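Here the structure comes first, spelled out in structure tokens, and everything after it is commentary.
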Amino acid sequence: MLLSFDETTKIIQTGKLLHIAGTETLLKKLPEGNWIGGSTEYFIAEGGGKVSDALLFVTECPHKAFKISIYDENDISDVTDDAYDNGYSIIVLPFDSAVHKEYAAKAAQFNGMFIKNIVGWIAGTNLNKPEQTPIALNGRTGEAFSNKAVVAHISVPAEKTVSIDIINIFKQDEHSPLIQFYADGFSAAACLVDGDDVNLAEYIAQNNIDTRFPLVGDYSGTGINVSFKDIDNGTVNFYAPVFSEIKYRFAEPVTDYAAQFNRRLKALNDVRSAFSCNCVLNFLYGELEGKNIDTFFGPVTFGEVAYQLVNQTLAYVTVV
């Protein structure tokens, strides 16, 4: 729920475990308490997408057993070891930090990943305000980090079942060439396109590829997006790493983001999430400000975590 600073302060004072998203300035002014947070000015809320530097998005976690942990790039692999066997962990990583890049590149290799339930997001900024710094916060101590991840590990009762899922409105375009990369990483120049060695930036320009739509990798039949960040001097930069062992295609274009999300949400039969987040590229390219996305509300992010880092998706956790 989107709240004012004073309303958020009152909820913190109740002692409840909270996840809070808002501007760096507002988050740093909040009182200490049982909360974690991250920076953004973009939100999906009741009534539609919203951009605000005066409101905070607050998610209440009703479970009483929890712990808050801090990680840098050297020990982020411990996040799965520290997670509860029956529970979920909400992780916030500052955009473009070393811990963000380490998690993005190696999370799939962490001990117990895909057994423990890790969900969360990449904290960012308002793209029109370059003076801002992406941060994650430990509300218990008031510490704000631009270079560390903050995680709330949450235990749920034994009779409860936790699930983490994504809603991905993109799929591989069956007419797209097959793309494979020579190395893992957040950028690429040379790659294989239908088996031919080409410069990807040149290929995109020559074929008028719309980079608002991501690459979609085939993960054993599941499509995982990698979004385009920019193209610089013949090199294509991405918001998540590509991997040499994965086969990619360009995404099939989407014309109405809000309608696609709502169609998928209706198919879930009134599922309610304990936490959810959506990608800033969906927000911007889909022009979601003021458009209603049913049911799943939360921060708009610079990357989503559903076990590993994903892009241009809605990520969510349910407890039933």
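Chain labels follow the order of the structure tokens: the first chain is A, the next B, and so on; residue numbering restarts at 1 in every chain, and ligands are counted from 1 in their shown order.
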Which residues are close to segment 13-15 of chain A, i.e. within 12 Å by only C-alpha atoms, leaving aside same-chain residues fewer than 2 positions away? Reply as an mmCIF file with N, CA and C atoms, in the first residue's frame.
data_model
loop_
_atom_site.group_PDB
_atom_site.id
_atom_site.type_symbol
_atom_site.label_atom_id
_atom_site.label_comp_id
_atom_site.auth_asym_id
_atom_site.auth_seq_id
_atom_site.Cartn_x
_atom_site.Cartn_y
_atom_site.Cartn_z
ATOM 1 N N ASP A 6 4.323 9.977 7.356
ATOM 2 C CA ASP A 6 3.778 9.868 8.713
ATOM 3 C C ASP A 6 3.032 8.553 8.915
ATOM 4 N N GLU A 7 2.283 8.130 7.909
ATOM 5 C CA GLU A 7 1.570 6.846 8.011
ATOM 6 C C GLU A 7 2.551 5.689 8.098
ATOM 7 N N THR A 8 3.621 5.768 7.335
ATOM 8 C CA THR A 8 4.640 4.714 7.367
ATOM 9 C C THR A 8 5.320 4.672 8.735
ATOM 10 N N THR A 9 5.622 5.819 9.282
ATOM 11 C CA THR A 9 6.250 5.884 10.602
ATOM 12 C C THR A 9 5.378 5.220 11.657
ATOM 13 N N LYS A 10 4.080 5.444 11.604
ATOM 14 C CA LYS A 10 3.172 4.845 12.582
ATOM 15 C C LYS A 10 3.158 3.321 12.483
ATOM 16 N N ILE A 11 3.202 2.794 11.256
ATOM 17 C CA ILE A 11 3.222 1.335 11.100
ATOM 18 C C ILE A 11 4.534 0.754 11.605
ATOM 19 N N LEU A 17 6.992 -6.575 10.946
ATOM 20 C CA LEU A 17 8.025 -6.694 9.927
ATOM 21 C C LEU A 17 7.483 -6.102 8.633
ATOM 22 N N LEU A 18 8.258 -5.179 8.041
ATOM 23 C CA LEU A 18 7.813 -4.460 6.861
ATOM 24 C C LEU A 18 8.873 -4.463 5.769
ATOM 25 N N LEU A 30 13.236 7.630 7.946
ATOM 26 C CA LEU A 30 12.320 6.776 8.697
ATOM 27 C C LEU A 30 12.943 6.322 10.015
ATOM 28 N N PRO A 31 12.124 6.094 11.038
ATOM 29 C CA PRO A 31 12.661 5.617 12.315
ATOM 30 C C PRO A 31 13.134 4.167 12.215
ATOM 31 N N GLU A 32 14.006 3.787 13.116
ATOM 32 C CA GLU A 32 14.470 2.406 13.162
ATOM 33 C C GLU A 32 13.327 1.483 13.576
ATOM 34 N N GLY A 33 13.392 0.252 13.089
ATOM 35 C CA GLY A 33 12.349 -0.715 13.398
ATOM 36 C C GLY A 33 12.566 -1.992 12.616
ATOM 37 N N ASN A 34 11.568 -2.836 12.595
ATOM 38 C CA ASN A 34 11.665 -4.132 11.920
ATOM 39 C C ASN A 34 11.299 -3.990 10.445
ATOM 40 N N TRP A 35 12.212 -3.423 9.687
ATOM 41 C CA TRP A 35 11.933 -3.254 8.265
ATOM 42 C C TRP A 35 13.212 -3.281 7.446
ATOM 43 N N GLU A 60 3.366 -5.349 4.448
ATOM 44 C CA GLU A 60 3.408 -5.960 5.769
ATOM 45 C C GLU A 60 3.648 -7.462 5.645
ATOM 46 N N CYS A 61 4.562 -7.980 6.444
ATOM 47 C CA CYS A 61 4.835 -9.416 6.501
ATOM 48 C C CYS A 61 4.276 -9.935 7.828
ATOM 49 N N PRO A 62 3.253 -10.760 7.822
ATOM 50 C CA PRO A 62 2.565 -11.129 9.059
ATOM 51 C C PRO A 62 3.299 -12.136 9.930
ATOM 52 N N HIS A 63 4.392 -12.684 9.438
ATOM 53 C CA HIS A 63 5.080 -13.757 10.171
ATOM 54 C C HIS A 63 6.032 -13.174 11.210
ATOM 55 N N LYS A 64 6.085 -13.808 12.363
ATOM 56 C CA LYS A 64 6.814 -13.254 13.512
ATOM 57 C C LYS A 64 8.275 -13.701 13.589
ATOM 58 N N GLY A 139 16.439 -1.398 8.299
ATOM 59 C CA GLY A 139 15.666 -0.530 9.167
ATOM 60 C C GLY A 139 15.971 -0.705 10.640
ATOM 61 N N ARG A 140 16.467 -1.856 11.021
ATOM 62 C CA ARG A 140 16.775 -2.089 12.440
ATOM 63 C C ARG A 140 17.889 -1.181 12.937
#
(request) Please run DSSP on the backbone and report, as an MDAnalysis selection string, all residues within segment 72-313 of chain A that come out as helix (DSSP H, G or I). (result) chainID A and resid 76:82 98:109 200:206 257:266 280:285
(request) Take atom CA of Phe186 of chain A and atom CA of Tyr316 of chain A and report the distance between them in Å, one decimal. (result) 24.4 Å
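Of the residues under consideration (A:Val236, A:Val226, A:Ile70, A:Ile122), A:Ile70 shows the shortest atom-to-atom contact distance to Lys148 of chain A when counting only C-alpha atoms.
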(message) So that I can see what lies close to Glu24 of chain A, please list as a PyMOL selection string the residues with an atom at most 7 Å from it, counting only C-alpha atoms and leaving out residues fewer than 2 positions away in the same chain.
(response) chain A and resi 22+26-28+39+135
(message) I need the residue nearest Leu309 of chain A from this list: A:Val242, A:Lys29, A:Glu174, A:Leu3. Use only C-alpha atoms for the distance.
(response) A:Val242
(message) So that I can check the surroundings of Gly221 of chain A, please list as an MDAnalysis selection string every protein, DNA and RNA residue that reaches within 12 Å of it, counting only C-alpha atoms and ignoring chain neighbours fewer than 5 positions away.
(response) chainID A and resid 171:172 216 246:248
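Taking the backbone of this structure through DSSP, the residues of segment 123-153 of chain A that come out as strand (DSSP E or B) are Ala123, Ala136, Leu137, Asn138, Glu143, Ala144, Phe145, Ala149, Val150, Val151, Ala152 and His153 of chain A.
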Expected file contents, prior selection, C-alpha atoms, as an mmCIF file, in the first residue's frame:
data_model
loop_
_atom_site.group_PDB
_atom_site.id
_atom_site.type_symbol
_atom_site.label_atom_id
_atom_site.label_comp_id
_atom_site.auth_asym_id
_atom_site.auth_seq_id
_atom_site.Cartn_x
_atom_site.Cartn_y
_atom_site.Cartn_z
ATOM 1 C CA ALA A 123 16.858 -0.888 -5.998
ATOM 2 C CA ALA A 136 19.229 -0.875 0.271
ATOM 3 C CA LEU A 137 18.409 -0.257 3.938
ATOM 4 C CA ASN A 138 18.468 -2.158 7.202
ATOM 5 C CA GLU A 143 22.068 1.809 7.854
ATOM 6 C CA ALA A 144 21.805 2.572 4.131
ATOM 7 C CA PHE A 145 24.038 0.760 1.653
ATOM 8 C CA ALA A 149 22.417 -6.370 -0.158
ATOM 9 C CA VAL A 150 19.860 -6.362 2.642
ATOM 10 C CA VAL A 151 17.762 -9.483 3.185
ATOM 11 C CA ALA A 152 14.804 -10.279 5.408
ATOM 12 C CA HIS A 153 14.768 -14.036 6.000
#
(request) For Ser176 of chain A, work out the shell of residues within 6 Å, counting only C-alpha atoms and skipping chain neighbours fewer than 2 positions away, then give it as a ChimeraX atom specification. (result) /A:173-174,249-250
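If you count only C-alpha atoms and ignore residues fewer than 5 places along the chain from Ser146 of chain A, what sits within 10 Å of it is Gly38, Leu93, Pro94, Phe95, Asp96, Ser97, Ala98, Val99, Ala123, Thr133, Pro134, Ile135, Ala136 and Leu137 of chain A.
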Could you save the residues just selected, with C-alpha atoms, as a compact mmCIF listing (two decimals), in the first residue's frame?
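Wrote again.txt, looks like this:
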# COMPACT_ATOMS: atom_id res chain seq x y z
CA GLY A 38 15.12 -0.05 -1.16
CA LEU A 93 20.35 -5.21 -4.05
CA PRO A 94 21.50 -1.71 -5.13
CA PHE A 95 21.65 -1.31 -8.90
CA ASP A 96 25.06 -1.60 -10.57
CA SER A 97 26.83 -2.49 -7.30
CA ALA A 98 29.39 -5.28 -7.08
CA VAL A 99 26.97 -7.42 -5.05
CA ALA A 123 16.86 -0.89 -6.00
CA THR A 133 21.93 6.82 -5.52
CA PRO A 134 20.39 3.33 -5.48
CA ILE A 135 20.37 2.04 -1.89
CA ALA A 136 19.23 -0.88 0.27
CA LEU A 137 18.41 -0.26 3.94
(request) Name the closest residue to Lys67 of chain A among the candidates A:Asp196, A:Asp53, A:Asp82, A:Asp184; distances are taken between atoms, counting only C-alpha atoms. (result) A:Asp82
For segment 157-228 of chain A versus segment 299-306 of chain A, which residues have an atom no more than 12 Å away, and what is each residue's nearest atom pair and distance in Å rounded to one decimal, using only C-alpha atoms, chain-then-number order, as JSON lines?
{"residue": "A:Ser163", "atom": "CA", "partner": "A:Ala306", "partner_atom": "CA", "distance": 10.1}
{"residue": "A:Ile164", "atom": "CA", "partner": "A:Ala306", "partner_atom": "CA", "distance": 6.4}
{"residue": "A:Asp165", "atom": "CA", "partner": "A:Ala306", "partner_atom": "CA", "distance": 6.6}
{"residue": "A:Ile166", "atom": "CA", "partner": "A:Ala306", "partner_atom": "CA", "distance": 7.0}
{"residue": "A:Ile167", "atom": "CA", "partner": "A:Ala306", "partner_atom": "CA", "distance": 10.5}
{"residue": "A:Asn168", "atom": "CA", "partner": "A:Glu304", "partner_atom": "CA", "distance": 11.4}
{"residue": "A:Ile224", "atom": "CA", "partner": "A:Ala306", "partner_atom": "CA", "distance": 10.6}
{"residue": "A:Asn225", "atom": "CA", "partner": "A:Gly303", "partner_atom": "CA", "distance": 10.5}
{"residue": "A:Val226", "atom": "CA", "partner": "A:Gly303", "partner_atom": "CA", "distance": 9.9}
{"residue": "A:Ser227", "atom": "CA", "partner": "A:Gly303", "partner_atom": "CA", "distance": 9.4}
{"residue": "A:Phe228", "atom": "CA", "partner": "A:Gly303", "partner_atom": "CA", "distance": 12.0}
(message) Give me the residues near Gly120 of chain A as a PyMOL selection string, where near means some atom within 8 Å (using only C-alpha atoms) and where sequence neighbours in that chain fewer than 3 positions away do not count.
(response) chain A and resi 89-92+276-277+304-306+315
Those same residues - N, CA and C atoms - I'd like them written as a PDB file, in the first residue's frame.
ATOM      1  N   SER A  89      12.816 -15.435   1.558  1.00  0.00           N
ATOM      2  CA  SER A  89      13.751 -14.348   1.830  1.00  0.00           C
ATOM      3  C   SER A  89      13.528 -13.246   0.814  1.00  0.00           C
ATOM      4  N   ILE A  90      13.319 -12.007   1.306  1.00  0.00           N
ATOM      5  CA  ILE A  90      13.186 -10.844   0.427  1.00  0.00           C
ATOM      6  C   ILE A  90      14.539 -10.142   0.376  1.00  0.00           C
ATOM      7  N   ILE A  91      15.124 -10.072  -0.813  1.00  0.00           N
ATOM      8  CA  ILE A  91      16.448  -9.485  -0.998  1.00  0.00           C
ATOM      9  C   ILE A  91      16.331  -8.174  -1.762  1.00  0.00           C
ATOM     10  N   VAL A  92      17.095  -7.173  -1.325  1.00  0.00           N
ATOM     11  CA  VAL A  92      17.182  -5.885  -2.018  1.00  0.00           C
ATOM     12  C   VAL A  92      18.657  -5.625  -2.323  1.00  0.00           C
ATOM     13  N   SER A 276       5.375  -8.601  -4.143  1.00  0.00           N
ATOM     14  CA  SER A 276       5.541  -8.615  -5.586  1.00  0.00           C
ATOM     15  C   SER A 276       6.257  -7.346  -6.036  1.00  0.00           C
ATOM     16  N   CYS A 277       6.833  -7.408  -7.228  1.00  0.00           N
ATOM     17  CA  CYS A 277       7.497  -6.257  -7.828  1.00  0.00           C
ATOM     18  C   CYS A 277       7.448  -6.407  -9.342  1.00  0.00           C
ATOM     19  N   GLU A 304      14.389  -7.885 -11.200  1.00  0.00           N
ATOM     20  CA  GLU A 304      13.616  -8.655 -10.248  1.00  0.00           C
ATOM     21  C   GLU A 304      14.394  -9.915  -9.886  1.00  0.00           C
ATOM     22  N   VAL A 305      14.166 -10.399  -8.680  1.00  0.00           N
ATOM     23  CA  VAL A 305      14.781 -11.648  -8.233  1.00  0.00           C
ATOM     24  C   VAL A 305      13.677 -12.664  -8.003  1.00  0.00           C
ATOM     25  N   ALA A 306      13.726 -13.726  -8.765  1.00  0.00           N
ATOM     26  CA  ALA A 306      12.894 -14.902  -8.537  1.00  0.00           C
ATOM     27  C   ALA A 306      13.873 -16.066  -8.566  1.00  0.00           C
ATOM     28  N   ALA A 315       7.570 -10.365 -10.542  1.00  0.00           N
ATOM     29  CA  ALA A 315       7.962 -11.465  -9.664  1.00  0.00           C
ATOM     30  C   ALA A 315       7.119 -11.401  -8.395  1.00  0.00           C
TER      31      ALA A 315
END
(request) May I ask which of the residues A:Leu56, A:Asp81, A:Glu252, A:Lys50 is the closest one to Phe5 of chain A, counting only C-alpha atoms? (result) A:Leu56
(message) Nearest residue to Gly112 of chain A out of A:Glu245, A:Ala240, A:Ser187, A:Tyr307, using only C-alpha atoms?
(response) A:Tyr307
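Distances from A:Thr40, A:Gln308, A:Ala251, A:Gly49 to Met113 of chain A were compared using only C-alpha atoms, and the smallest one belongs to A:Gln308.
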